[in-house]
>>> print(open('query_36.txt').read())   # compact mmCIF, C-alpha atoms and all ligand atoms
# COMPACT_ATOMS: atom_id res chain seq x y z
CA MET A 257 -20.49 -1.32 1.44
CA PHE A 258 -17.94 -1.00 4.23
CA HIS A 259 -16.36 1.89 5.98
CA ASN A 260 -12.73 2.37 6.81
CA PHE A 261 -11.87 4.49 9.82
CA THR A 262 -8.50 5.74 10.89
CA ILE A 263 -8.71 6.68 14.52
CA SER A 264 -6.15 8.80 16.29
CA LYS A 265 -6.52 8.59 20.04
CA ASP A 266 -5.29 12.18 20.32
CA LYS A 267 -8.13 13.40 18.20
CA ILE A 268 -11.05 11.20 19.19
CA GLN A 269 -11.93 10.70 22.85
CA ARG A 270 -13.84 7.81 24.34
CA ARG A 271 -17.14 9.64 24.60
CA GLU A 272 -16.95 10.52 20.93
CA LEU A 273 -16.27 6.89 20.10
CA LEU A 274 -19.27 5.96 22.24
CA LYS A 275 -21.34 8.37 20.21
CA MET A 276 -20.08 6.71 17.07
CA GLY A 277 -20.93 3.30 18.53
CA LEU A 278 -17.36 2.21 18.06
CA PHE A 279 -16.07 2.10 21.60
CA GLY A 280 -16.49 -1.64 22.08
CA ALA A 281 -14.02 -2.31 19.33
CA VAL A 282 -11.35 0.15 20.43
CA ILE A 283 -8.74 -0.72 23.01
CA SER A 284 -7.35 1.90 25.36
CA THR A 285 -3.61 2.08 24.75
CA THR A 286 -0.63 4.33 25.06
CA ALA A 287 0.48 3.33 21.60
CA GLY A 288 -1.33 6.16 19.84
CA ILE A 289 -2.96 5.37 16.57
CA TRP A 290 -5.51 2.61 16.16
CA GLN A 291 -7.29 1.54 13.12
CA LEU A 292 -10.63 -0.10 12.88
CA LEU A 293 -12.52 -1.53 10.01
CA LYS A 294 -16.17 -1.96 10.77
CA THR A 295 -18.69 -3.65 8.54
CA LYS A 296 -22.43 -3.27 8.36
CA ASN A 297 -22.93 -6.68 9.94
CA ASN A 298 -20.88 -5.45 12.88
CA HIS A 299 -17.87 -7.67 12.33
CA THR A 300 -14.80 -5.83 13.36
CA VAL A 301 -11.29 -6.38 12.19
CA LYS A 302 -8.75 -5.82 14.92
CA ILE A 303 -5.59 -4.05 13.93
CA PRO A 304 -2.61 -3.75 16.32
CA PRO A 305 -1.21 -0.32 17.19
CA LEU A 306 1.18 1.16 14.69
CA VAL A 307 4.73 1.86 15.74
CA GLU A 308 5.25 5.60 15.96
CA MET A 309 7.47 6.58 13.08
CA PRO A 310 10.67 8.53 13.65
CA HIS A 311 10.64 11.66 11.53
CA SER A 312 14.12 11.19 10.12
CA HIS A 313 12.97 9.02 7.21
CA GLY A 314 11.38 11.87 5.28
CA ALA A 315 9.19 10.71 2.43
CA ALA A 316 9.60 7.01 3.22
CA ASN A 317 7.37 5.61 5.94
CA PRO A 318 6.85 1.87 5.32
CA THR A 319 4.58 1.40 8.34
CA GLN A 320 2.24 4.15 7.22
CA VAL A 321 2.07 2.68 3.70
CA LEU A 322 0.90 -0.65 5.16
CA ARG A 323 -2.68 0.30 5.98
CA ASN A 324 -3.14 3.74 4.47
CA PHE A 325 -5.77 3.96 1.70
CA GLU A 326 -6.60 7.21 -0.07
CA TYR A 327 -10.29 7.45 -0.95
CA GLY A 328 -10.16 10.93 -2.50
CA THR A 329 -13.06 13.37 -2.55
CA ILE A 330 -16.52 12.32 -3.65
CA LYS A 331 -18.44 14.57 -6.01
CA ARG A 332 -21.70 14.03 -7.84
CA GLU A 333 -22.00 15.20 -11.41
CA ASN A 334 -24.97 14.35 -13.62
CA GLY A 335 -26.09 11.66 -11.19
CA ARG A 336 -22.72 9.96 -11.28
CA ILE A 337 -20.18 9.53 -8.49
CA ILE A 338 -16.87 11.17 -9.31
CA ARG A 339 -13.97 10.23 -7.07
CA GLU A 340 -11.36 12.93 -7.30
CA PHE A 341 -7.72 12.57 -6.25
CA GLN A 342 -4.96 15.15 -6.18
CA LEU A 343 -1.41 13.99 -6.80
CA VAL A 344 1.53 16.35 -6.62
CA ALA A 345 4.97 15.20 -7.77
CA GLY A 346 7.85 16.66 -5.79
CA THR A 347 11.41 15.96 -4.77
CA SER A 348 12.80 14.71 -1.48
CA GLN A 349 15.65 12.79 0.04
CA ILE A 350 15.48 9.48 1.87
CA GLN A 351 18.02 7.60 3.97
CA LEU A 352 18.67 4.11 2.56
CA ASN A 353 20.95 3.23 5.47
CA THR A 354 22.91 5.21 8.04
CA ALA A 355 25.51 6.21 5.42
CA VAL A 356 23.54 6.53 2.17
CA SER A 357 21.01 9.22 1.40
CA TYR A 358 19.28 9.27 -1.97
CA ASN A 359 17.34 11.90 -3.91
CA ILE A 360 13.94 10.68 -5.06
CA TRP A 361 10.80 11.96 -6.71
CA ASP A 362 7.77 11.65 -4.46
CA LEU A 363 4.00 11.87 -4.86
CA ASN A 364 2.18 13.88 -2.18
CA GLY A 365 5.42 13.82 -0.19
CA ARG A 366 5.72 10.04 0.00
CA ILE A 367 7.32 7.02 -1.62
CA PRO A 368 5.53 4.86 -2.75
CA GLY A 369 2.79 7.30 -3.78
CA PRO A 370 -0.62 7.11 -2.08
CA THR A 371 -2.62 3.88 -2.44
CA LEU A 372 -5.67 5.15 -4.32
CA ARG A 373 -8.89 3.28 -3.76
CA ALA A 374 -12.23 3.38 -5.56
CA LYS A 375 -15.17 1.15 -6.33
CA GLN A 376 -15.87 -0.38 -9.72
CA GLY A 377 -18.20 1.82 -11.78
CA GLU A 378 -17.25 5.14 -10.25
CA ARG A 379 -15.66 7.85 -12.35
CA ILE A 380 -12.06 8.60 -11.39
CA ARG A 381 -10.58 12.05 -11.78
CA ILE A 382 -6.90 12.62 -11.07
CA LEU A 383 -5.62 16.18 -10.74
CA PHE A 384 -1.89 15.87 -11.35
CA LEU A 385 0.44 18.75 -10.56
CA ASN A 386 4.11 18.36 -11.41
CA LYS A 387 6.45 20.22 -9.07
CA ALA A 388 9.32 17.74 -9.36
CA GLY A 389 11.67 19.82 -11.50
CA HIS A 390 11.49 17.54 -14.56
CA SER A 391 8.78 16.35 -16.98
CA HIS A 392 6.64 13.53 -15.59
CA SER A 393 3.28 11.85 -16.17
CA LEU A 394 0.90 9.40 -14.51
CA HIS A 395 0.00 6.28 -16.44
CA PHE A 396 -2.74 4.17 -14.84
CA HIS A 397 -3.20 0.47 -15.48
CA GLY A 398 -6.85 -0.18 -16.31
CA ILE A 399 -9.25 0.49 -19.17
CA HIS A 400 -9.42 4.03 -20.54
CA THR A 401 -9.13 6.12 -23.70
CA ALA A 402 -5.80 6.80 -25.43
CA GLU A 403 -5.95 10.44 -24.31
CA MET A 404 -6.05 9.31 -20.68
CA ASP A 405 -3.19 6.82 -20.98
CA GLY A 406 -0.74 9.14 -19.25
CA VAL A 407 2.25 8.71 -21.54
CA LYS A 408 2.46 12.37 -22.55
CA PRO A 409 5.02 14.30 -20.46
CA VAL A 410 3.72 17.06 -18.19
CA SER A 411 6.36 19.79 -17.85
CA ASN A 412 7.61 20.95 -14.49
CA GLY A 413 5.20 23.49 -13.02
CA LYS A 414 2.30 22.29 -15.18
CA ALA A 415 -0.83 20.33 -14.28
CA THR A 416 -3.15 17.94 -16.09
CA ILE A 417 -6.32 15.97 -15.44
CA TYR A 418 -6.73 12.26 -16.07
CA GLU A 419 -10.28 10.95 -16.05
CA PHE A 420 -11.64 7.45 -16.64
CA ASP A 421 -14.08 4.86 -15.32
CA ALA A 422 -12.96 2.65 -12.43
CA GLU A 423 -12.79 -0.67 -14.26
CA PRO A 424 -12.16 -3.53 -13.93
CA TYR A 425 -11.98 -4.31 -10.22
CA GLY A 426 -8.59 -5.48 -9.06
CA VAL A 427 -5.26 -4.42 -7.67
CA HIS A 428 -3.69 -2.09 -10.21
CA LEU A 429 -0.92 0.48 -10.22
CA TYR A 430 0.04 3.83 -11.61
CA HIS A 431 3.46 5.18 -12.49
CA CYS A 432 5.27 7.85 -14.44
CA HIS A 433 5.73 6.93 -18.11
CA VAL A 434 8.32 9.49 -19.17
CA ALA A 435 11.51 8.01 -20.67
CA PRO A 436 13.63 6.48 -19.33
CA VAL A 437 10.76 4.83 -17.47
CA THR A 438 13.17 2.67 -15.50
CA ARG A 439 14.63 5.79 -13.85
CA HIS A 440 11.32 7.55 -13.35
CA ILE A 441 9.86 4.52 -11.61
CA ALA A 442 12.97 3.57 -9.66
CA LYS A 443 13.27 7.12 -8.33
CA GLY A 444 9.82 6.92 -6.81
CA LEU A 445 6.95 7.78 -9.15
CA TYR A 446 4.64 4.82 -8.64
CA GLY A 447 1.80 3.72 -6.41
CA MET A 448 -0.95 1.16 -5.98
CA PHE A 449 -4.46 1.69 -7.33
CA ILE A 450 -7.18 -0.58 -5.93
CA ILE A 451 -10.62 -0.90 -7.50
CA ASP A 452 -12.99 -2.71 -5.16
CA PRO A 453 -15.50 -5.17 -6.63
CA PRO A 454 -19.25 -4.39 -6.57
CA LYS A 455 -19.77 -7.04 -3.86
CA PRO A 456 -17.18 -6.33 -1.14
CA ARG A 457 -14.69 -8.96 -0.15
CA PRO A 458 -15.02 -10.41 3.39
CA PRO A 459 -13.70 -8.27 6.29
CA ALA A 460 -9.94 -8.63 6.72
CA ASP A 461 -6.89 -6.81 8.02
CA GLU A 462 -5.88 -5.23 4.71
CA ILE A 463 -2.20 -4.58 4.08
CA VAL A 464 -0.18 -3.07 1.23
CA LEU A 465 3.29 -4.42 0.45
CA ILE A 466 5.20 -2.87 -2.45
CA MET A 467 8.57 -4.26 -3.50
CA SER A 468 10.95 -1.76 -5.10
CA GLY A 469 14.65 -1.33 -5.89
CA TYR A 470 17.20 1.50 -5.80
CA ASP A 471 20.01 1.77 -8.36
CA ILE A 472 22.02 4.50 -6.68
CA ASN A 473 25.06 4.46 -9.03
CA ASP A 474 23.18 4.24 -12.36
CA ASP A 475 24.73 0.91 -13.38
CA ASP A 476 21.32 -0.64 -14.18
CA LYS A 477 21.60 -2.88 -11.15
CA ASN A 478 19.90 -2.29 -7.82
CA GLU A 479 22.12 -1.80 -4.80
CA PHE A 480 19.16 -1.62 -2.39
CA TYR A 481 15.72 -3.17 -2.29
CA ALA A 482 12.74 -2.33 -0.11
CA PHE A 483 9.26 -3.10 1.07
CA ASN A 484 7.18 0.11 1.09
CA GLY A 485 10.13 2.38 0.33
CA LEU A 486 12.85 1.65 2.89
CA PRO A 487 15.41 -1.20 2.98
CA HIS A 488 15.10 -3.60 5.94
CA TYR A 489 12.57 -1.39 7.72
CA LEU A 490 9.77 -3.93 8.08
CA MET A 491 12.31 -6.48 9.29
CA HIS A 492 13.31 -4.21 12.18
CA ASN A 493 9.73 -2.96 12.67
CA PRO A 494 7.58 -6.08 12.14
CA VAL A 495 4.07 -5.89 10.77
CA LYS A 496 1.87 -6.73 13.75
CA ILE A 497 -1.14 -8.90 12.95
CA TYR A 498 -3.46 -11.07 15.02
CA GLN A 499 -3.50 -14.84 15.18
CA ASN A 500 -6.34 -16.57 13.29
CA GLN A 501 -7.48 -13.34 11.65
CA LEU A 502 -7.87 -13.09 7.89
CA ILE A 503 -5.03 -11.03 6.42
CA ARG A 504 -5.42 -9.61 2.91
CA VAL A 505 -2.11 -8.51 1.43
CA HIS A 506 -2.08 -6.41 -1.74
CA VAL A 507 1.39 -7.08 -3.09
CA LEU A 508 3.05 -5.23 -6.00
CA ASN A 509 6.42 -5.85 -7.61
CA ILE A 510 7.79 -2.59 -9.04
CA ILE A 511 11.48 -3.58 -8.93
CA GLU A 512 13.16 -2.32 -12.10
CA PHE A 513 16.31 -3.96 -13.58
CA ASP A 514 15.44 -7.46 -12.23
CA PRO A 515 13.18 -9.42 -14.60
CA ALA A 516 11.16 -11.09 -11.86
CA VAL A 517 11.11 -11.78 -8.16
CA THR A 518 9.10 -14.06 -5.93
CA PHE A 519 7.09 -13.27 -2.82
CA HIS A 520 7.42 -15.83 -0.07
CA ILE A 521 6.08 -16.07 3.47
CA HIS A 522 7.36 -18.33 6.21
CA ALA A 523 5.38 -21.02 8.02
CA ASN A 524 2.22 -20.52 6.01
CA PHE A 525 0.53 -20.67 2.60
CA PHE A 526 -1.63 -18.04 0.96
CA ASP A 527 -4.57 -18.02 -1.45
CA VAL A 528 -3.75 -16.13 -4.66
CA TYR A 529 -6.26 -13.84 -6.39
CA ARG A 530 -4.33 -12.94 -9.53
CA SER A 531 -4.26 -9.19 -10.16
CA GLY A 532 -7.02 -9.04 -7.54
CA MET A 533 -9.43 -9.65 -10.43
CA THR A 534 -11.25 -12.72 -9.17
CA MET A 535 -13.42 -13.42 -6.13
CA THR A 536 -12.17 -16.99 -5.80
CA PRO A 537 -8.51 -17.93 -5.47
CA SER A 538 -6.72 -19.62 -8.34
CA GLU A 539 -4.02 -21.32 -6.28
CA LYS A 540 -2.49 -21.79 -2.88
CA THR A 541 1.26 -21.52 -2.47
CA ASP A 542 4.01 -20.00 -0.35
CA VAL A 543 6.21 -18.73 -3.22
CA LEU A 544 4.67 -16.64 -6.00
CA THR A 545 6.68 -15.44 -9.02
CA MET A 546 5.97 -11.87 -10.08
CA GLY A 547 7.26 -9.96 -13.11
CA VAL A 548 7.66 -6.18 -13.00
CA ALA A 549 4.29 -4.45 -12.38
CA GLU A 550 2.57 -7.71 -11.43
CA ARG A 551 0.38 -7.45 -8.37
CA HIS A 552 -1.99 -9.76 -6.57
CA ILE A 553 -4.21 -10.21 -3.55
CA LEU A 554 -2.92 -12.82 -1.13
CA GLU A 555 -5.05 -14.09 1.77
CA PHE A 556 -3.98 -16.09 4.79
CA ALA A 557 -4.25 -16.35 8.57
CA PHE A 558 -1.49 -17.41 10.94
CA LYS A 559 -2.24 -20.41 13.14
CA TYR A 560 0.55 -19.82 15.66
CA PRO A 561 1.85 -16.65 17.37
CA GLY A 562 5.42 -15.52 16.75
CA LYS A 563 7.58 -13.80 14.18
CA TYR A 564 7.57 -14.94 10.55
CA MET A 565 9.65 -13.45 7.75
CA PHE A 566 8.38 -12.53 4.29
CA HIS A 567 10.71 -11.79 1.38
CA PRO A 568 11.53 -12.59 -2.25
CA HIS A 569 13.23 -15.99 -2.45
CA GLN A 570 15.91 -14.42 -4.63
CA ASP A 571 17.80 -14.20 -1.38
CA VAL A 572 20.30 -11.63 -2.57
CA ILE A 573 17.35 -9.25 -3.07
CA ALA A 574 16.07 -10.03 0.42
CA GLU A 575 19.54 -9.56 1.90
CA ASN A 576 19.82 -6.14 0.27
CA GLY A 577 16.69 -4.82 1.90
CA CYS A 578 13.49 -6.41 0.56
CA MET A 579 12.88 -8.11 3.84
CA GLY A 580 10.14 -7.94 6.42
CA GLN A 581 8.38 -9.98 9.06
CA PHE A 582 4.96 -10.45 10.53
CA GLU A 583 4.64 -10.47 14.29
CA VAL A 584 1.61 -12.61 15.02
CA ILE A 585 0.00 -11.64 18.32
CA ALA A 586 -1.75 -14.44 20.20
CA ALA A 587 -5.54 -14.22 20.07
CA ASN A 588 -5.78 -14.49 23.89
CA ASP A 589 -3.37 -11.56 24.31
CA TYR A 590 -5.87 -9.48 22.41
CA GLN A 591 -8.70 -10.70 24.67
CA ASN A 592 -6.66 -9.72 27.76
CA LEU A 593 -6.12 -6.24 26.35
CA VAL A 594 -9.87 -5.84 25.84
CA LYS A 595 -10.62 -6.90 29.46
CA LYS A 596 -8.09 -4.44 30.89
CA SER A 597 -9.44 -1.45 28.98
CU CU B 601 8.68 10.79 -14.44
>>> encode(input="query_36.txt", output="structure tokens", more="lines below")
Ligand SMILES: [Cu+2]
Amino acid sequence: MFHNFTISKDKIQRRELLKMGLFGAVISTTAGIWQLLKTKNNHTVKIPPLVEMPHSHGAANPTQVLRNFEYGTIKRENGRIIREFQLVAGTSQIQLNTAVSYNIWDLNGRIPGPTLRAKQGERIRILFLNKAGHSHSLHFHGIHTAEMDGVKPVSNGKATIYEFDAEPYGVHLYHCHVAPVTRHIAKGLYGMFIIDPPKPRPPADEIVLIMSGYDINDDDKNEFYAFNGLPHYLMHNPVKIYQNQLIRVHVLNIIEFDPAVTFHIHANFFDVYRSGMTMTPSEKTDVLTMGVAERHILEFAFKYPGKYMFHPHQDVIAENGCMGQFEVIAANDYQNLVKKS
């Protein structure tokens, strides 16, 4: 069992952190938000400050998507844990570059939708409200009854409940399944759905990377591609990670209109846990081919500080926006920060 804390310096002062026994792991900084993952054996995973997000991007906030996990609301019914999530489909506009704005469907005001997270064996309940001006649905990958398969359209202004057991553990996804599914997915109705295994994985800096495409002129070809919703954003705003620390990337390919893409990182190799459904890796590589809706857990640590790109090795896809980089911060820089605080 581990706990995931999101700590805003504005909201939680030092003395409160001391009360929580967390102060030793938090660095004083002007950067604002810090995140900390603390385990019962007192290992801490250090996560660099997030870059404050300009508000002009609307529903798309790739940095926030990186380490934001939605755990829902816990209820107990008949001795069983029910994990309840609320998802509201809406409409918004995002800016794909300085000249191109694009109307999308969002979930809870964001694209991709929230990364839902549960533990194997819990009961999942999804309250879905459709306010997106068109019929939609939520189809979850996993094991459930036909009634809960989420292929039946939910009219605009209507709500429905999906309920099923959280099984099997892995990195899954959910998406709208109303025809044409290509359009409903490409315009934003998708998200990641993580079911944690009964025995937790080792502590790591956990990151979500979702590859998607935008066909803005309806020619069944993507003009833009993105990590976590916005073209080129994570290239200009690198994902900060620490040297020699275990990084666990949950990667999903939800690019419509292209049969498959690869995921590649520079200057390193990663362990692959296919669909996140195993506790031991099946291979080590630096280029992994992924069909549409394929998703995996990738684990690695960077040996040397510096900036390292990650992108599909279909380079035209990378050049049109599915491009990002890690900024590996030297381990001794982190130690210096701790001493100064
Ligand atoms: Cu839809």
>>> residues_around(input="query_36.txt", residues="stretch 442-451 of chain A", least_positions_apart="3", cutoff="7 Å", atoms="all atoms listed in the file", output="PyMOL selection string")
chain A and resi 360-363+367-376+422+425-432+438-439+469-470+512
>>> closest_residue(input="query_36.txt", among="A:Val410, A:Pro305, A:Gln342, A:Gly328", to="ligand CU 601 (chain B)", atoms="all atoms listed in the file")
A:Val410
>>> closest_atom_pairs(input="query_36.txt", of="chain A", to="ligand CU 601 (chain B)", cutoff="8 Å", atoms="only C-alpha atoms and all ligand atoms", output="tab-separated table")
residue	atom	partner	partner_atom	distance
A:His390	CA	B:CU601	CU	7.3
A:Ser391	CA	B:CU601	CU	6.1
A:His392	CA	B:CU601	CU	3.6
A:Ser393	CA	B:CU601	CU	5.8
A:Leu394	CA	B:CU601	CU	7.9
A:Pro409	CA	B:CU601	CU	7.9
A:His431	CA	B:CU601	CU	7.9
A:Cys432	CA	B:CU601	CU	4.5
A:His433	CA	B:CU601	CU	6.1
A:Val434	CA	B:CU601	CU	4.9
A:Ala435	CA	B:CU601	CU	7.4
A:Val437	CA	B:CU601	CU	7.0
A:Arg439	CA	B:CU601	CU	7.8
A:His440	CA	B:CU601	CU	4.3
A:Ile441	CA	B:CU601	CU	7.0
A:Leu445	CA	B:CU601	CU	6.3
>>> closest_residue(input="query_36.txt", among="A:His397, A:Leu343, A:Gln351, A:Ile330", to="A:Ile382", atoms="only C-alpha atoms")
A:Leu343
>>> residues_around(input="query_36.txt", residues="A:Phe384", least_positions_apart="5", cutoff="6 Å", atoms="only C-alpha atoms", output="PDB file with C-alpha atoms, in the coordinates of the input")
ATOM      1  CA  LEU A 343      -1.410  13.990  -6.800  1.00  0.00           C
ATOM      2  CA  VAL A 344       1.530  16.350  -6.620  1.00  0.00           C
ATOM      3  CA  ALA A 415      -0.830  20.330 -14.280  1.00  0.00           C
ATOM      4  CA  THR A 416      -3.150  17.940 -16.090  1.00  0.00           C
TER       5      THR A 416
END
>>> closest_residue(input="query_36.txt", among="A:Thr319, A:Thr401, A:Thr541, A:Asn493", to="A:Gln581", atoms="all atoms listed in the file")
A:Asn493
>>> residues_around(input="query_36.txt", residues="A:Arg457", least_positions_apart="5", cutoff="12 Å", atoms="all atoms listed in the file", output="PDB file with C-alpha atoms, in the coordinates of the input")
ATOM      1  CA  MET A 257     -20.490  -1.320   1.440  1.00  0.00           C
ATOM      2  CA  PHE A 258     -17.940  -1.000   4.230  1.00  0.00           C
ATOM      3  CA  THR A 295     -18.690  -3.650   8.540  1.00  0.00           C
ATOM      4  CA  LYS A 375     -15.170   1.150  -6.330  1.00  0.00           C
ATOM      5  CA  TYR A 425     -11.980  -4.310 -10.220  1.00  0.00           C
ATOM      6  CA  GLY A 426      -8.590  -5.480  -9.060  1.00  0.00           C
ATOM      7  CA  ILE A 451     -10.620  -0.900  -7.500  1.00  0.00           C
ATOM      8  CA  ASP A 452     -12.990  -2.710  -5.160  1.00  0.00           C
ATOM      9  CA  GLU A 462      -5.880  -5.230   4.710  1.00  0.00           C
ATOM     10  CA  LEU A 502      -7.870 -13.090   7.890  1.00  0.00           C
ATOM     11  CA  ILE A 503      -5.030 -11.030   6.420  1.00  0.00           C
ATOM     12  CA  ARG A 504      -5.420  -9.610   2.910  1.00  0.00           C
ATOM     13  CA  TYR A 529      -6.260 -13.840  -6.390  1.00  0.00           C
ATOM     14  CA  GLY A 532      -7.020  -9.040  -7.540  1.00  0.00           C
ATOM     15  CA  MET A 533      -9.430  -9.650 -10.430  1.00  0.00           C
ATOM     16  CA  THR A 534     -11.250 -12.720  -9.170  1.00  0.00           C
ATOM     17  CA  MET A 535     -13.420 -13.420  -6.130  1.00  0.00           C
ATOM     18  CA  THR A 536     -12.170 -16.990  -5.800  1.00  0.00           C
ATOM     19  CA  ILE A 553      -4.210 -10.210  -3.550  1.00  0.00           C
ATOM     20  CA  GLU A 555      -5.050 -14.090   1.770  1.00  0.00           C
TER      21      GLU A 555
END
>>> closest_residue(input="query_36.txt", among="A:Lys414, A:His569, A:His400, A:Arg366", to="A:Asn386", atoms="all atoms listed in the file")
A:Lys414
>>> closest_residue(input="query_36.txt", among="A:Val301, A:Leu322, A:Val584, A:Ala315", to="A:Ile463", atoms="only C-alpha atoms")
A:Leu322
>>> closest_residue(input="query_36.txt", among="A:Thr518, A:Gln349, A:Gln499, A:Gln320", to="A:Val464", atoms="all atoms listed in the file")
A:Gln320
>>> atom_distance(input="query_36.txt", atom1="atom CA of A:Pro487", atom2="atom CA of A:Lys302")
27.3 Å
>>> atom_distance(input="query_36.txt", atom1="atom CA of A:Asn509", atom2="atom CA of A:Val572")
15.9 Å
>>> residues_around(input="query_36.txt", residues="A:Asn484", least_positions_apart="5", cutoff="7 Å", atoms="all atoms listed in the file", output="ChimeraX atom specification")
/A:318,321,368,465-467
>>> residues_near_point(input="query_36.txt", point="(6.7, -23.5, -2.9)", cutoff="9 Å", atoms="only C-alpha atoms", output="tab-separated table (two decimals) with C-alpha atoms, keeping the file's coordinate frame")
chain	number	residue	atom	x	y	z
A	520	HIS	CA	7.42	-15.83	-0.07
A	525	PHE	CA	0.53	-20.67	2.60
A	541	THR	CA	1.26	-21.52	-2.47
A	542	ASP	CA	4.01	-20.00	-0.35
A	543	VAL	CA	6.21	-18.73	-3.22
A	544	LEU	CA	4.67	-16.64	-6.00
>>> residues_around(input="query_36.txt", residues="A:His522", least_positions_apart="5", cutoff="7 Å", atoms="all atoms listed in the file", output="count of residues only")
3
>>> atom_distance(input="query_36.txt", atom1="atom CA of A:Phe526", atom2="atom CA of A:Lys455")
21.8 Å
>>> decode(input="query_36.txt", residues="stretch 528-546 of chain A", atoms="N, CA and C atoms", output="compact mmCIF listing (two decimals), in the first residue's frame")
# COMPACT_ATOMS: atom_id res chain seq x y z
N VAL A 528 10.41 -3.28 -20.62
CA VAL A 528 9.02 -3.23 -21.09
C VAL A 528 8.16 -4.20 -20.29
N TYR A 529 7.10 -3.70 -19.69
CA TYR A 529 6.06 -4.52 -19.06
C TYR A 529 4.83 -4.38 -19.94
N ARG A 530 4.61 -5.36 -20.80
CA ARG A 530 3.57 -5.22 -21.83
C ARG A 530 2.19 -5.06 -21.22
N SER A 531 1.49 -4.04 -21.65
CA SER A 531 0.16 -3.68 -21.12
C SER A 531 0.18 -3.49 -19.60
N GLY A 532 1.36 -3.36 -19.03
CA GLY A 532 1.48 -3.22 -17.58
C GLY A 532 0.96 -4.44 -16.84
N MET A 533 0.89 -5.59 -17.51
CA MET A 533 0.19 -6.75 -16.94
C MET A 533 1.13 -7.82 -16.39
N THR A 534 2.41 -7.47 -16.28
CA THR A 534 3.36 -8.41 -15.67
C THR A 534 4.18 -7.66 -14.62
N MET A 535 4.78 -8.41 -13.71
CA MET A 535 5.63 -7.80 -12.69
C MET A 535 7.11 -7.93 -13.06
N THR A 536 7.39 -8.70 -14.12
CA THR A 536 8.76 -8.78 -14.60
C THR A 536 8.78 -8.36 -16.07
N PRO A 537 9.82 -7.66 -16.49
CA PRO A 537 9.84 -7.16 -17.86
C PRO A 537 10.02 -8.28 -18.87
N SER A 538 9.47 -8.07 -20.07
CA SER A 538 9.59 -9.08 -21.11
C SER A 538 10.74 -8.76 -22.07
N GLU A 539 11.17 -7.53 -22.09
CA GLU A 539 12.27 -7.17 -23.00
C GLU A 539 12.87 -5.84 -22.57
N LYS A 540 14.04 -5.58 -23.14
CA LYS A 540 14.69 -4.29 -22.97
C LYS A 540 15.00 -3.75 -24.35
N THR A 541 14.62 -2.51 -24.60
CA THR A 541 14.84 -1.94 -25.93
C THR A 541 14.85 -0.41 -25.81
N ASP A 542 15.09 0.26 -26.94
CA ASP A 542 14.94 1.71 -26.95
C ASP A 542 13.95 2.17 -28.01
N VAL A 543 13.36 1.21 -28.75
CA VAL A 543 12.31 1.53 -29.73
C VAL A 543 11.23 0.46 -29.62
N LEU A 544 10.03 0.87 -29.23
CA LEU A 544 8.94 -0.09 -29.03
C LEU A 544 7.80 0.24 -29.99
N THR A 545 7.37 -0.74 -30.79
CA THR A 545 6.27 -0.51 -31.73
C THR A 545 4.93 -0.68 -31.04
N MET A 546 4.03 0.27 -31.27
CA MET A 546 2.73 0.25 -30.60
C MET A 546 1.61 0.52 -31.60
